[in-house]
>>> print(open('coords.csv').read())   # CSV, C-alpha atoms
chain,number,residue,atom,x,y,z
A,134,MET,CA,-17.5,67.6,-107.1
A,135,SER,CA,-17.7,64.1,-108.5
A,136,GLU,CA,-19.9,61.5,-106.9
A,137,GLY,CA,-16.8,59.3,-106.1
A,138,SER,CA,-15.0,62.1,-104.3
A,139,ALA,CA,-18.0,63.2,-102.2
A,140,LYS,CA,-17.9,62.3,-98.5
A,141,ALA,CA,-21.0,61.2,-96.7
A,142,LEU,CA,-21.9,63.5,-93.9
A,143,PRO,CA,-22.1,61.9,-90.4
A,144,ALA,CA,-25.5,61.0,-89.1
A,145,PRO,CA,-26.8,63.5,-86.6
A,146,GLY,CA,-26.2,62.3,-83.0
A,147,SER,CA,-23.6,59.7,-84.1
A,148,PRO,CA,-20.1,59.5,-82.6
A,149,GLU,CA,-18.5,60.5,-85.9
A,150,GLU,CA,-20.2,63.9,-85.6
A,151,PHE,CA,-18.2,64.7,-82.5
A,152,ARG,CA,-14.7,63.5,-83.5
A,153,MET,CA,-11.9,65.5,-81.9
A,154,SER,CA,-8.3,65.9,-82.6
A,155,LEU,CA,-5.6,64.6,-80.2
A,156,MET,CA,-4.8,68.0,-78.8
A,157,GLU,CA,-8.5,68.6,-78.2
A,158,HIS,CA,-8.7,65.3,-76.3
A,159,LEU,CA,-5.7,66.2,-74.2
A,160,SER,CA,-7.1,69.6,-73.4
A,161,GLU,CA,-10.5,68.2,-72.5
A,162,LEU,CA,-8.8,65.6,-70.2
A,163,ARG,CA,-6.7,68.3,-68.5
A,164,THR,CA,-9.9,70.3,-67.8
A,165,ARG,CA,-11.6,67.3,-66.3
A,166,LEU,CA,-8.7,66.4,-64.1
A,167,LEU,CA,-8.4,70.0,-62.9
A,168,ARG,CA,-12.0,70.0,-61.9
A,169,VAL,CA,-11.6,66.7,-60.0
A,170,THR,CA,-8.5,68.0,-58.2
A,171,LEU,CA,-10.3,71.2,-57.2
A,172,SER,CA,-13.2,69.2,-55.9
A,173,VAL,CA,-10.9,66.9,-53.9
A,174,LEU,CA,-9.1,69.9,-52.3
A,175,ALA,CA,-12.3,71.7,-51.4
A,176,LEU,CA,-14.0,68.7,-49.9
A,177,GLY,CA,-10.7,67.7,-48.3
A,178,ALA,CA,-10.6,71.1,-46.5
A,179,LEU,CA,-14.1,70.3,-45.2
A,180,GLY,CA,-13.0,66.8,-44.1
A,181,LEU,CA,-10.1,68.4,-42.0
A,182,VAL,CA,-12.8,69.7,-39.6
A,183,PHE,CA,-13.9,66.2,-38.8
A,184,ALA,CA,-10.5,64.5,-39.3
A,185,ARG,CA,-10.1,63.3,-35.7
A,186,PRO,CA,-13.5,61.6,-35.2
A,187,LEU,CA,-13.3,60.2,-38.7
A,188,TYR,CA,-9.9,58.7,-37.9
A,189,GLY,CA,-11.3,57.1,-34.7
A,190,LEU,CA,-14.2,55.6,-36.6
A,191,LEU,CA,-12.0,54.3,-39.4
A,192,MET,CA,-9.5,52.7,-37.0
A,193,ARG,CA,-12.3,51.0,-34.9
A,194,PRO,CA,-11.8,47.5,-36.5
A,195,VAL,CA,-8.1,47.7,-35.6
A,196,LEU,CA,-8.7,48.8,-32.0
A,197,LEU,CA,-11.3,46.1,-31.4
A,198,SER,CA,-8.8,43.5,-32.6
A,199,LEU,CA,-6.1,44.6,-30.2
A,200,PRO,CA,-5.8,43.3,-26.6
A,201,GLN,CA,-7.7,45.5,-24.2
A,202,GLU,CA,-4.5,46.7,-22.5
A,203,ALA,CA,-2.9,47.6,-25.8
A,204,ALA,CA,-5.9,49.1,-27.7
A,205,SER,CA,-4.2,52.4,-28.7
A,206,PHE,CA,-1.8,53.7,-31.4
A,207,VAL,CA,1.5,55.4,-31.0
A,208,TYR,CA,3.2,58.1,-33.0
A,209,THR,CA,7.0,58.3,-33.4
A,210,SER,CA,7.5,62.0,-34.2
A,211,ALA,CA,6.1,65.2,-33.0
A,212,ILE,CA,4.3,66.0,-36.3
A,213,GLU,CA,3.1,62.5,-37.2
A,214,GLU,CA,-0.3,63.0,-35.6
A,215,ILE,CA,-0.8,66.2,-37.6
A,216,ASN,CA,0.3,64.5,-40.8
A,217,VAL,CA,-2.1,61.7,-40.1
A,218,LEU,CA,-5.1,64.1,-39.6
A,219,MET,CA,-4.1,66.0,-42.8
A,220,LYS,CA,-4.0,62.8,-44.7
A,221,MET,CA,-7.3,61.8,-43.3
A,222,GLY,CA,-8.8,65.0,-44.5
A,223,LEU,CA,-7.4,64.6,-48.0
A,224,TYR,CA,-8.6,61.1,-48.4
A,225,CYS,CA,-12.0,62.2,-47.1
A,226,GLY,CA,-12.0,64.6,-50.0
A,227,VAL,CA,-11.2,61.8,-52.3
A,228,PHE,CA,-14.1,59.7,-51.0
A,229,LEU,CA,-16.6,62.6,-51.2
A,230,SER,CA,-15.5,63.5,-54.7
A,231,THR,CA,-16.6,60.2,-56.1
A,232,PRO,CA,-19.7,61.6,-57.8
A,233,VAL,CA,-17.7,64.5,-59.3
A,234,LEU,CA,-15.1,62.0,-60.6
A,235,LEU,CA,-17.8,59.8,-62.2
A,236,PHE,CA,-19.5,62.8,-63.8
A,237,GLN,CA,-16.2,64.0,-65.3
A,238,ILE,CA,-15.5,60.5,-66.6
A,239,TRP,CA,-18.9,60.3,-68.2
A,240,SER,CA,-18.5,63.8,-69.7
A,241,PHE,CA,-15.2,62.9,-71.2
A,242,VAL,CA,-16.5,59.8,-73.0
A,243,ALA,CA,-19.9,61.2,-73.8
A,244,PRO,CA,-18.9,62.7,-77.2
A,245,GLY,CA,-18.2,59.2,-78.5
A,246,LEU,CA,-21.7,57.9,-77.5
A,247,TYR,CA,-25.0,57.9,-79.4
A,248,ASP,CA,-27.8,60.2,-78.3
A,249,GLU,CA,-29.8,57.4,-76.7
A,250,GLU,CA,-26.7,56.4,-74.7
A,251,LYS,CA,-26.0,59.8,-73.4
A,252,LYS,CA,-29.1,59.8,-71.3
A,253,TYR,CA,-27.5,57.2,-69.0
A,254,ALA,CA,-25.3,59.8,-67.3
A,255,GLY,CA,-27.6,60.1,-64.2
A,256,PRO,CA,-27.9,56.3,-63.6
A,257,PHE,CA,-24.1,55.9,-64.2
A,258,ILE,CA,-23.2,58.4,-61.6
A,259,PHE,CA,-25.7,57.1,-59.1
A,260,ALA,CA,-24.8,53.5,-59.6
A,261,GLY,CA,-21.1,54.3,-59.5
A,262,THR,CA,-21.3,56.2,-56.3
A,263,LEU,CA,-23.5,53.4,-54.7
A,264,ALA,CA,-21.0,50.7,-55.9
A,265,PHE,CA,-18.1,52.6,-54.3
A,266,LEU,CA,-20.0,53.0,-51.0
A,267,VAL,CA,-20.9,49.3,-51.0
A,268,GLY,CA,-17.3,48.3,-51.7
A,269,THR,CA,-15.9,50.5,-48.9
A,270,ALA,CA,-18.7,49.3,-46.5
A,271,PHE,CA,-17.9,45.6,-47.4
A,272,CYS,CA,-14.3,46.2,-46.6
A,273,TYR,CA,-15.0,48.0,-43.3
A,274,PHE,CA,-17.6,45.6,-41.9
A,275,VAL,CA,-16.4,42.3,-43.4
A,276,VAL,CA,-12.8,42.3,-44.4
A,277,LEU,CA,-11.1,44.6,-41.9
A,278,PRO,CA,-12.4,42.8,-38.7
A,279,SER,CA,-11.5,39.3,-39.9
A,280,MET,CA,-8.1,40.5,-41.3
A,281,PHE,CA,-7.0,42.3,-38.1
A,282,GLN,CA,-8.2,39.6,-35.9
A,283,PHE,CA,-6.1,37.1,-37.9
A,284,LEU,CA,-3.1,39.5,-37.7
A,285,LEU,CA,-3.3,40.7,-34.1
A,286,GLN,CA,-5.0,38.0,-32.1
A,287,LYS,CA,-3.5,34.6,-31.2
A,288,GLU,CA,-6.5,32.3,-31.1
A,289,ASP,CA,-5.0,30.0,-28.4
A,290,VAL,CA,-4.3,33.0,-26.1
A,291,VAL,CA,-7.7,34.5,-26.8
A,292,GLN,CA,-9.4,31.3,-25.7
A,293,VAL,CA,-7.4,31.2,-22.5
A,294,GLN,CA,-8.1,34.9,-21.7
A,295,ARG,CA,-11.8,34.4,-22.3
A,296,ARG,CA,-11.9,31.6,-19.8
A,297,LEU,CA,-9.9,33.5,-17.3
A,298,GLU,CA,-12.1,36.6,-17.5
A,299,LEU,CA,-15.2,34.5,-16.8
A,300,ALA,CA,-13.5,32.6,-14.0
A,301,GLN,CA,-12.3,35.9,-12.4
A,302,LEU,CA,-15.8,37.2,-12.4
A,303,ARG,CA,-17.1,34.1,-10.7
A,304,GLU,CA,-14.2,34.2,-8.2
A,305,SER,CA,-15.3,37.8,-7.2
A,306,ASP,CA,-18.8,36.6,-6.7
A,307,ALA,CA,-17.6,33.7,-4.6
A,308,LEU,CA,-15.6,36.0,-2.3
A,309,ARG,CA,-18.6,38.3,-1.9
A,310,TRP,CA,-20.9,35.3,-0.8
A,311,LEU,CA,-18.1,34.2,1.5
A,312,ARG,CA,-18.1,37.6,3.2
A,313,LEU,CA,-21.8,37.3,3.8
A,314,GLY,CA,-21.3,33.8,5.3
A,315,ASP,CA,-23.1,32.0,2.5
A,316,PHE,CA,-20.6,29.1,2.0
A,317,ASP,CA,-23.0,27.2,-0.2
A,318,ARG,CA,-23.2,30.0,-2.8
A,319,ALA,CA,-19.5,30.7,-2.4
A,320,GLY,CA,-18.6,27.1,-3.1
A,321,ALA,CA,-21.0,26.8,-6.0
A,322,ALA,CA,-19.5,29.9,-7.6
A,323,ALA,CA,-16.0,28.5,-7.1
A,324,ARG,CA,-16.9,25.2,-8.6
A,325,GLY,CA,-18.5,27.0,-11.6
A,326,ALA,CA,-15.3,28.9,-12.2
A,327,LEU,CA,-13.3,25.7,-12.0
A,328,GLY,CA,-15.6,24.1,-14.5
A,329,ASP,CA,-15.0,27.1,-16.9
A,330,LEU,CA,-11.3,26.8,-16.7
A,331,GLU,CA,-11.0,23.0,-16.9
A,332,ALA,CA,-13.7,22.3,-19.5
A,333,PRO,CA,-12.2,20.4,-22.5
A,334,GLY,CA,-11.4,22.4,-25.6
A,335,GLU,CA,-9.2,25.3,-26.6
A,336,GLY,CA,-7.8,27.3,-23.7
A,337,GLN,CA,-8.2,24.5,-21.1
A,338,ALA,CA,-6.2,25.2,-17.9
A,339,SER,CA,-5.0,22.4,-15.6
A,340,ASP,CA,-2.9,22.7,-12.6
A,341,GLY,CA,0.3,20.8,-13.3
A,342,ALA,CA,-0.7,20.1,-17.0
A,343,LEU,CA,-0.5,23.4,-18.8
A,344,GLY,CA,0.3,22.1,-22.3
A,345,ILE,CA,3.3,24.4,-22.2
A,346,THR,CA,6.6,24.6,-20.4
A,347,LEU,CA,6.8,27.6,-18.0
A,348,ASN,CA,10.2,29.2,-17.3
A,349,PRO,CA,11.3,28.0,-13.8
A,350,LYS,CA,12.1,31.6,-12.9
A,351,ASP,CA,8.7,32.9,-14.1
A,352,SER,CA,7.0,34.4,-11.0
A,353,VAL,CA,3.6,35.2,-12.4
A,354,ASP,CA,2.0,32.0,-11.2
A,355,VAL,CA,3.4,32.3,-7.7
A,356,ARG,CA,2.6,36.0,-7.4
A,357,LEU,CA,-1.0,35.4,-8.4
A,358,ARG,CA,-1.4,32.5,-6.0
A,359,LEU,CA,-0.1,34.6,-3.1
A,360,GLU,CA,-2.5,37.4,-4.1
A,361,GLY,CA,-5.4,34.9,-4.1
A,362,LEU,CA,-4.4,33.5,-0.8
A,363,GLY,CA,-4.3,37.0,0.6
A,364,ARG,CA,-7.9,37.6,-0.5
A,365,LEU,CA,-9.0,34.4,1.2
A,366,LEU,CA,-7.2,35.3,4.4
A,367,ASP,CA,-8.8,38.8,4.4
A,368,VAL,CA,-12.3,37.2,4.2
A,369,ALA,CA,-11.4,34.7,7.0
A,370,LEU,CA,-10.0,37.5,9.2
A,371,ALA,CA,-13.1,39.6,8.7
A,372,ARG,CA,-15.3,36.7,9.9
A,373,ALA,CA,-13.0,35.5,12.7
A,374,PRO,CA,-13.9,36.2,16.3
A,375,ALA,CA,-11.5,37.9,18.6
A,376,PRO,CA,-9.0,36.6,19.5
A,377,ALA,CA,-8.3,35.0,16.1
A,378,PRO,CA,-8.1,31.2,16.0
A,379,ALA,CA,-4.6,29.7,16.2
A,380,ALA,CA,-5.1,28.1,12.8
A,381,LEU,CA,-5.7,31.4,11.2
A,382,VAL,CA,-2.6,33.0,12.8
A,383,ASP,CA,-0.6,30.0,11.6
A,384,ALA,CA,-1.9,30.6,8.1
A,385,LEU,CA,-0.8,34.2,8.2
A,386,ASN,CA,2.7,33.1,9.3
A,387,LYS,CA,2.8,30.6,6.4
A,388,ARG,CA,1.9,33.3,3.9
A,389,GLU,CA,4.7,35.5,5.3
A,390,LEU,CA,7.1,32.6,4.7
A,391,ALA,CA,5.7,32.1,1.2
A,392,VAL,CA,6.3,35.9,0.5
A,393,LYS,CA,9.9,35.6,1.7
A,394,ALA,CA,10.5,32.6,-0.5
A,395,TYR,CA,9.0,34.4,-3.4
A,396,GLY,CA,11.3,37.4,-2.9
A,397,ALA,CA,14.3,35.0,-2.9
A,398,ASP,CA,13.1,33.4,-6.2
A,399,HIS,CA,12.4,30.1,-4.3
A,400,PHE,CA,9.2,29.6,-6.2
A,401,ALA,CA,8.7,25.9,-5.3
A,402,GLU,CA,9.1,26.7,-1.6
A,403,ALA,CA,6.7,29.6,-1.9
A,404,LYS,CA,4.1,27.3,-3.4
A,405,GLN,CA,4.5,24.8,-0.7
A,406,HIS,CA,4.0,27.4,2.1
A,407,ALA,CA,1.0,28.8,0.3
A,408,ASP,CA,-0.6,25.3,0.1
A,409,GLU,CA,0.1,24.8,3.8
A,410,ALA,CA,-1.6,28.1,4.6
A,411,ALA,CA,-4.6,27.2,2.5
A,412,ALA,CA,-4.8,23.8,4.3
A,413,LEU,CA,-4.9,25.6,7.7
A,414,LEU,CA,-7.9,27.6,6.4
A,415,THR,CA,-9.8,24.4,5.6
A,416,SER,CA,-9.3,23.4,9.3
A,417,LEU,CA,-11.2,26.5,10.6
A,418,ASP,CA,-14.6,24.8,9.9
A,419,ALA,CA,-14.7,21.1,9.2
A,420,THR,CA,-18.2,21.3,7.7
A,421,ARG,CA,-16.9,23.9,5.2
A,422,ALA,CA,-13.5,22.4,4.4
A,423,GLN,CA,-14.5,21.4,0.9
A,424,ASP,CA,-15.7,25.0,0.1
A,425,TRP,CA,-12.4,26.4,1.3
A,426,ALA,CA,-10.5,23.8,-0.7
A,427,ASP,CA,-12.4,24.6,-3.9
A,428,LEU,CA,-11.8,28.3,-3.4
A,429,TRP,CA,-8.1,27.8,-3.0
A,430,ARG,CA,-8.0,25.4,-6.0
A,431,LEU,CA,-9.6,28.2,-8.0
A,432,GLU,CA,-7.0,30.7,-7.0
A,433,ARG,CA,-4.2,28.3,-8.0
A,434,LEU,CA,-5.8,27.6,-11.3
A,435,LEU,CA,-6.3,31.3,-12.0
A,436,GLY,CA,-2.6,31.8,-11.4
A,437,VAL,CA,-1.7,28.9,-13.7
A,438,GLY,CA,-4.0,30.1,-16.5
A,439,THR,CA,-2.7,33.6,-16.4
A,440,ALA,CA,0.9,32.4,-16.5
A,441,GLN,CA,0.0,30.2,-19.4
A,442,ALA,CA,-1.6,33.1,-21.3
A,443,GLU,CA,1.4,35.4,-20.7
A,444,ALA,CA,3.9,32.6,-21.7
A,445,GLN,CA,2.1,32.2,-25.0
A,446,ASN,CA,1.6,35.8,-25.7
A,447,TRP,CA,5.2,37.0,-25.5
A,448,THR,CA,4.8,39.5,-28.3
A,449,LYS,CA,2.9,42.8,-27.9
A,450,PRO,CA,1.5,44.9,-30.7
A,451,MET,CA,2.6,48.5,-31.0
A,452,LEU,CA,1.0,50.1,-34.0
A,453,SER,CA,1.8,53.5,-35.4
A,454,MET,CA,-1.0,55.9,-36.5
A,455,SER,CA,0.3,56.6,-40.0
A,456,GLU,CA,1.1,53.0,-40.9
A,457,GLN,CA,-2.3,51.7,-39.9
A,458,LEU,CA,-4.1,54.6,-41.6
A,459,SER,CA,-2.2,53.9,-44.9
A,460,LEU,CA,-3.1,50.2,-44.7
A,461,VAL,CA,-6.8,50.8,-44.0
A,462,LEU,CA,-7.1,53.5,-46.6
A,463,VAL,CA,-5.4,51.4,-49.3
A,464,LEU,CA,-7.8,48.5,-48.6
A,465,GLU,CA,-10.9,50.8,-48.5
A,466,LEU,CA,-9.9,52.4,-51.9
A,467,ALA,CA,-9.1,49.0,-53.4
A,468,PHE,CA,-12.5,47.6,-52.5
A,469,GLY,CA,-14.2,50.8,-53.7
A,470,VAL,CA,-12.5,50.5,-57.1
A,471,ILE,CA,-13.2,46.7,-57.3
A,472,PHE,CA,-16.9,47.3,-57.0
A,473,GLU,CA,-16.6,50.0,-59.7
A,474,LEU,CA,-15.2,47.4,-62.1
A,475,PRO,CA,-18.6,46.4,-63.8
A,476,LEU,CA,-19.4,50.1,-64.6
A,477,VAL,CA,-15.9,50.7,-65.9
A,478,MET,CA,-16.2,47.7,-68.2
A,479,MET,CA,-19.6,48.9,-69.3
A,480,VAL,CA,-18.2,52.3,-70.3
A,481,LEU,CA,-15.4,50.6,-72.2
A,482,GLY,CA,-18.0,48.6,-73.9
A,483,LEU,CA,-20.0,51.7,-74.8
A,484,VAL,CA,-17.0,53.4,-76.5
A,485,GLY,CA,-16.1,50.1,-78.2
A,486,LEU,CA,-12.8,49.3,-76.5
A,487,VAL,CA,-13.9,45.9,-75.3
A,488,THR,CA,-16.5,43.3,-76.4
A,489,SER,CA,-18.4,40.7,-74.4
A,490,SER,CA,-16.9,37.9,-76.6
A,491,PHE,CA,-13.4,39.1,-75.9
A,492,LEU,CA,-14.0,39.3,-72.1
A,493,PHE,CA,-15.7,35.9,-72.1
A,494,LYS,CA,-12.8,34.4,-74.1
A,495,TYR,CA,-10.2,35.5,-71.6
A,496,GLN,CA,-12.4,34.8,-68.5
A,497,ARG,CA,-10.0,32.2,-67.0
A,498,HIS,CA,-7.0,34.6,-67.5
A,499,ALA,CA,-9.0,37.3,-65.7
A,500,PHE,CA,-9.8,35.0,-62.8
A,501,VAL,CA,-6.1,34.2,-62.3
A,502,LEU,CA,-5.3,37.9,-62.5
A,503,CYS,CA,-7.9,38.6,-59.9
A,504,LEU,CA,-6.4,36.0,-57.5
A,505,VAL,CA,-2.9,37.4,-58.1
A,506,LEU,CA,-4.1,41.0,-57.4
A,507,ALA,CA,-6.0,39.8,-54.3
A,508,ALA,CA,-2.9,38.1,-53.0
A,509,VAL,CA,-0.8,41.2,-53.6
A,510,ILE,CA,-3.2,43.7,-52.1
A,511,THR,CA,-4.3,41.5,-49.1
A,512,PRO,CA,-1.6,41.8,-46.3
A,513,THR,CA,-2.5,38.4,-44.8
A,514,GLY,CA,-1.7,35.1,-46.3
A,515,ASP,CA,-4.8,33.2,-45.1
A,516,ALA,CA,-7.3,31.8,-47.4
A,517,VAL,CA,-10.3,33.5,-45.8
A,518,ASN,CA,-9.1,37.1,-46.5
A,519,LEU,CA,-7.9,36.1,-49.9
A,520,ALA,CA,-11.3,34.8,-50.7
A,521,LEU,CA,-13.0,37.9,-49.3
A,522,MET,CA,-11.1,40.0,-51.8
A,523,GLY,CA,-10.7,37.6,-54.8
A,524,GLY,CA,-14.4,36.5,-54.7
A,525,PRO,CA,-15.9,40.0,-55.1
A,526,MET,CA,-13.3,40.7,-57.9
A,527,MET,CA,-14.5,37.7,-59.9
A,528,LEU,CA,-18.1,38.5,-59.3
A,529,CYS,CA,-17.6,42.1,-60.4
A,530,TYR,CA,-15.8,40.8,-63.5
A,531,GLU,CA,-18.8,38.5,-64.4
A,532,LEU,CA,-21.2,41.3,-63.8
A,533,GLY,CA,-19.1,43.6,-66.1
A,534,VAL,CA,-19.2,41.0,-68.8
A,535,LEU,CA,-23.0,40.8,-68.5
A,536,LEU,CA,-23.3,44.6,-68.7
A,537,VAL,CA,-21.1,44.8,-71.8
A,538,TRP,CA,-23.3,42.1,-73.4
A,539,LEU,CA,-26.4,44.1,-72.6
A,540,VAL,CA,-24.9,47.2,-74.0
A,541,GLU,CA,-24.0,45.4,-77.3
A,542,ARG,CA,-27.4,43.9,-77.5
A,543,ARG,CA,-29.2,47.2,-77.1
A,544,ARG,CA,-26.9,48.9,-79.6
A,545,ASN,CA,-27.4,46.2,-82.2
A,546,ARG,CA,-31.2,46.6,-81.8
A,547,ALA,CA,-30.9,50.3,-82.2
A,548,GLN,CA,-28.8,50.1,-85.3
A,549,ALA,CA,-31.1,47.5,-86.8
A,550,ALA,CA,-34.1,49.7,-86.2
A,551,ALA,CA,-32.3,52.7,-87.7
>>> encode(input="coords.csv", output="structure tokens")
Amino acid sequence: MSEGSAKALPAPGSPEEFRMSLMEHLSELRTRLLRVTLSVLALGALGLVFARPLYGLLMRPVLLSLPQEAASFVYTSAIEEINVLMKMGLYCGVFLSTPVLLFQIWSFVAPGLYDEEKKYAGPFIFAGTLAFLVGTAFCYFVVLPSMFQFLLQKEDVVQVQRRLELAQLRESDALRWLRLGDFDRAGAAARGALGDLEAPGEGQASDGALGITLNPKDSVDVRLRLEGLGRLLDVALARAPAPAPAALVDALNKRELAVKAYGADHFAEAKQHADEAAALLTSLDATRAQDWADLWRLERLLGVGTAQAEAQNWTKPMLSMSEQLSLVLVLELAFGVIFELPLVMMVLGLVGLVTSSFLFKYQRHAFVLCLVLAAVITPTGDAVNLALMGGPMMLCYELGVLLVWLVERRRNRAQAAA
């Protein structure tokens, strides 16, 4: 054999020593995919045992964003719930198979690496699994709560409801003090509740100045006023001597007239009779007239505020189990994959498919692509959720460029030393 025709043997441990044909690569890839599939099925069967509690845990950010009276999901077919639980078990297998998937990826690319690079298998699998868990945790604790609050909660209605809840608690305390005969504490509680409702800012309620236009036929305000008047009359009757004072009897008659007017849809007349009944209550004790007046004003304002909240919140969420599970799982997987981006770029750099100079050259293009992908994946159009997805994607890209540069630097030093 002539010297010119002789072929140099590959160096031991070099990638050339392990070159494979195309069919061998495809066969190897098929084997790796089969192992990953079997792992997903096996762990998915295990996940089916805990599918229901896992579904409740995964849907917790959605349920917390729903109004208290609508914090539940619906299913529209007899088998939808079973399908949801089976899907939950399958995706649980996908999540648990992350280390197996990373090991198979590393084993597939390992023949193209140098011996000193093959020893990074353990750190790669550990870091990849950790990155996936961090990405899903970031989505669960940061992205999902803010996203579903933006989608499912109307901020103006939320502010009104918060004020109403606090005022209703104070109103209950005021009535309890009133039953005990402590008018000072009852009046103080009523005035505190009025202050909560009328304080300037979002959700402010004002009798006669709602900031919205209520339907003239809307009976919510009147009904709640009459219920509040009934609670005040119950307390007054419990404390009244026998026989009851004439003013108290007249107040009861006025409330009956108000109820009749309410039944006939004469809401303005019903309000007038209710105010007249409350005025009669204030005449029971001249020294406590202001306390009774404050309590009645509180009942009126609670009715107005509740009517305001219901008028603004005229849409009600009704979420299906399967649709919400698909949405949450897509976002969880998307963030898990996004946080894997630096390691994927490092592996591509190890096998020589990308270089740090190439990645840095097209950095601006990559940032635009990250924003586009974030806008497509994120179901909301607000800037906050877009930044919560686009920001980590850009940071992961920058970290990937750094890892590729470190790989190249280490490889160049090894080749120079060889």
>>> closest_residue(input="coords.csv", among="A:Gly436, A:Glu389, A:Ala332, A:Ala322", to="Arg356 in chain A", atoms="all atoms listed in the file")
A:Gly436
>>> closest_residue(input="coords.csv", among="A:Leu266, A:Met280, A:Leu308, A:Leu381", to="Leu519 in chain A", atoms="only C-alpha atoms")
A:Met280
>>> residues_near_point(input="coords.csv", point="(-3.4, 60.7, -45.4)", cutoff="12 Å", atoms="only C-alpha atoms", output="ChimeraX atom specification")
/A:177,180-181,184,187-188,213-227,454-463
>>> residues_near_point(input="coords.csv", point="(-0.8, 34.8, -17.6)", cutoff="10 Å", atoms="only C-alpha atoms", output="short mmCIF file (atom, residue, chain, number, x, y, z; two decimals) with C-alpha atoms, keeping the file's coordinate frame")
data_model
loop_
_atom_site.label_atom_id
_atom_site.label_comp_id
_atom_site.auth_asym_id
_atom_site.auth_seq_id
_atom_site.Cartn_x
_atom_site.Cartn_y
_atom_site.Cartn_z
CA VAL A 290 -4.30 33.00 -26.10
CA VAL A 293 -7.40 31.20 -22.50
CA GLN A 294 -8.10 34.90 -21.70
CA LEU A 297 -9.90 33.50 -17.30
CA VAL A 353 3.60 35.20 -12.40
CA ASP A 354 2.00 32.00 -11.20
CA LEU A 357 -1.00 35.40 -8.40
CA LEU A 435 -6.30 31.30 -12.00
CA GLY A 436 -2.60 31.80 -11.40
CA VAL A 437 -1.70 28.90 -13.70
CA GLY A 438 -4.00 30.10 -16.50
CA THR A 439 -2.70 33.60 -16.40
CA ALA A 440 0.90 32.40 -16.50
CA GLN A 441 0.00 30.20 -19.40
CA ALA A 442 -1.60 33.10 -21.30
CA GLU A 443 1.40 35.40 -20.70
CA ALA A 444 3.90 32.60 -21.70
CA GLN A 445 2.10 32.20 -25.00
CA ASN A 446 1.60 35.80 -25.70
#
>>> atom_distance(input="coords.csv", atom1="CA of Trp425 in chain A", atom2="CA of Gly320 in chain A")
7.6 Å
>>> closest_residue(input="coords.csv", among="A:Phe265, A:Phe316, A:Phe500, A:Phe493", to="Leu474 in chain A", atoms="all atoms listed in the file")
A:Phe265
>>> closest_atom_pairs(input="coords.csv", of="range 301-406 of chain A", to="range 418-421 of chain A", cutoff="12 Å", atoms="all atoms listed in the file", output="CSV")
residue,atom,partner,partner_atom,distance
A:Leu311,CA,A:Arg421,CA,11.0
A:Gly314,CA,A:Arg421,CA,10.8
A:Asp315,CA,A:Arg421,CA,10.6
A:Phe316,CA,A:Arg421,CA,7.1
A:Asp317,CA,A:Arg421,CA,8.8
A:Arg318,CA,A:Arg421,CA,11.9
A:Ala319,CA,A:Arg421,CA,10.5
A:Gly320,CA,A:Arg421,CA,9.1
A:Ala369,CA,A:Asp418,CA,10.8
A:Arg372,CA,A:Asp418,CA,11.9
A:Ala373,CA,A:Asp418,CA,11.2
A:Pro378,CA,A:Asp418,CA,11.0
A:Ala380,CA,A:Asp418,CA,10.5
A:Leu381,CA,A:Asp418,CA,11.2
>>> write_last_selection(input="coords.csv", atoms="C-alpha atoms", output="CSV table (one decimal), in the coordinates of the input")
chain,number,residue,atom,x,y,z
A,311,LEU,CA,-18.1,34.2,1.5
A,314,GLY,CA,-21.3,33.8,5.3
A,315,ASP,CA,-23.1,32.0,2.5
A,316,PHE,CA,-20.6,29.1,2.0
A,317,ASP,CA,-23.0,27.2,-0.2
A,318,ARG,CA,-23.2,30.0,-2.8
A,319,ALA,CA,-19.5,30.7,-2.4
A,320,GLY,CA,-18.6,27.1,-3.1
A,369,ALA,CA,-11.4,34.7,7.0
A,372,ARG,CA,-15.3,36.7,9.9
A,373,ALA,CA,-13.0,35.5,12.7
A,378,PRO,CA,-8.1,31.2,16.0
A,380,ALA,CA,-5.1,28.1,12.8
A,381,LEU,CA,-5.7,31.4,11.2
>>> atom_distance(input="coords.csv", atom1="CA of Ala410 in chain A", atom2="CA of Lys387 in chain A")
5.4 Å
>>> atom_distance(input="coords.csv", atom1="CA of Gly485 in chain A", atom2="CA of Ser160 in chain A")
22.0 Å
>>> residues_around(input="coords.csv", residues="Ile258 in chain A", least_positions_apart="6", cutoff="7 Å", atoms="all atoms listed in the file", output="list in words")
Pro232, Leu235 and Phe236 of chain A
>>> closest_residue(input="coords.csv", among="A:Val480, A:Leu535, A:Ala411, A:Leu166", to="Leu431 in chain A", atoms="only C-alpha atoms")
A:Ala411
>>> closest_residue(input="coords.csv", among="A:Ala384, A:Leu359, A:Met478, A:Met156", to="Gly396 in chain A", atoms="only C-alpha atoms")
A:Leu359
>>> closest_residue(input="coords.csv", among="A:Leu464, A:Gln548, A:Glu360, A:Leu539", to="Thr269 in chain A", atoms="only C-alpha atoms")
A:Leu464
>>> residues_around(input="coords.csv", residues="Ala516 in chain A", least_positions_apart="5", cutoff="12 Å", atoms="only C-alpha atoms", output="number ranges by chain")
A: 279-280, 283, 504, 507-508, 511, 521-524
>>> residues_around(input="coords.csv", residues="Ser230 in chain A", least_positions_apart="2", cutoff="8 Å", atoms="all atoms listed in the file", output="number ranges by chain")
A: 169, 172-173, 176, 226-228, 232-234
>>> residues_around(input="coords.csv", residues="range 489-491 of chain A", least_positions_apart="2", cutoff="12 Å", atoms="all atoms listed in the file", output="PyMOL selection string")
chain A and resi 478-479+481-483+485-487+493-499+530-542
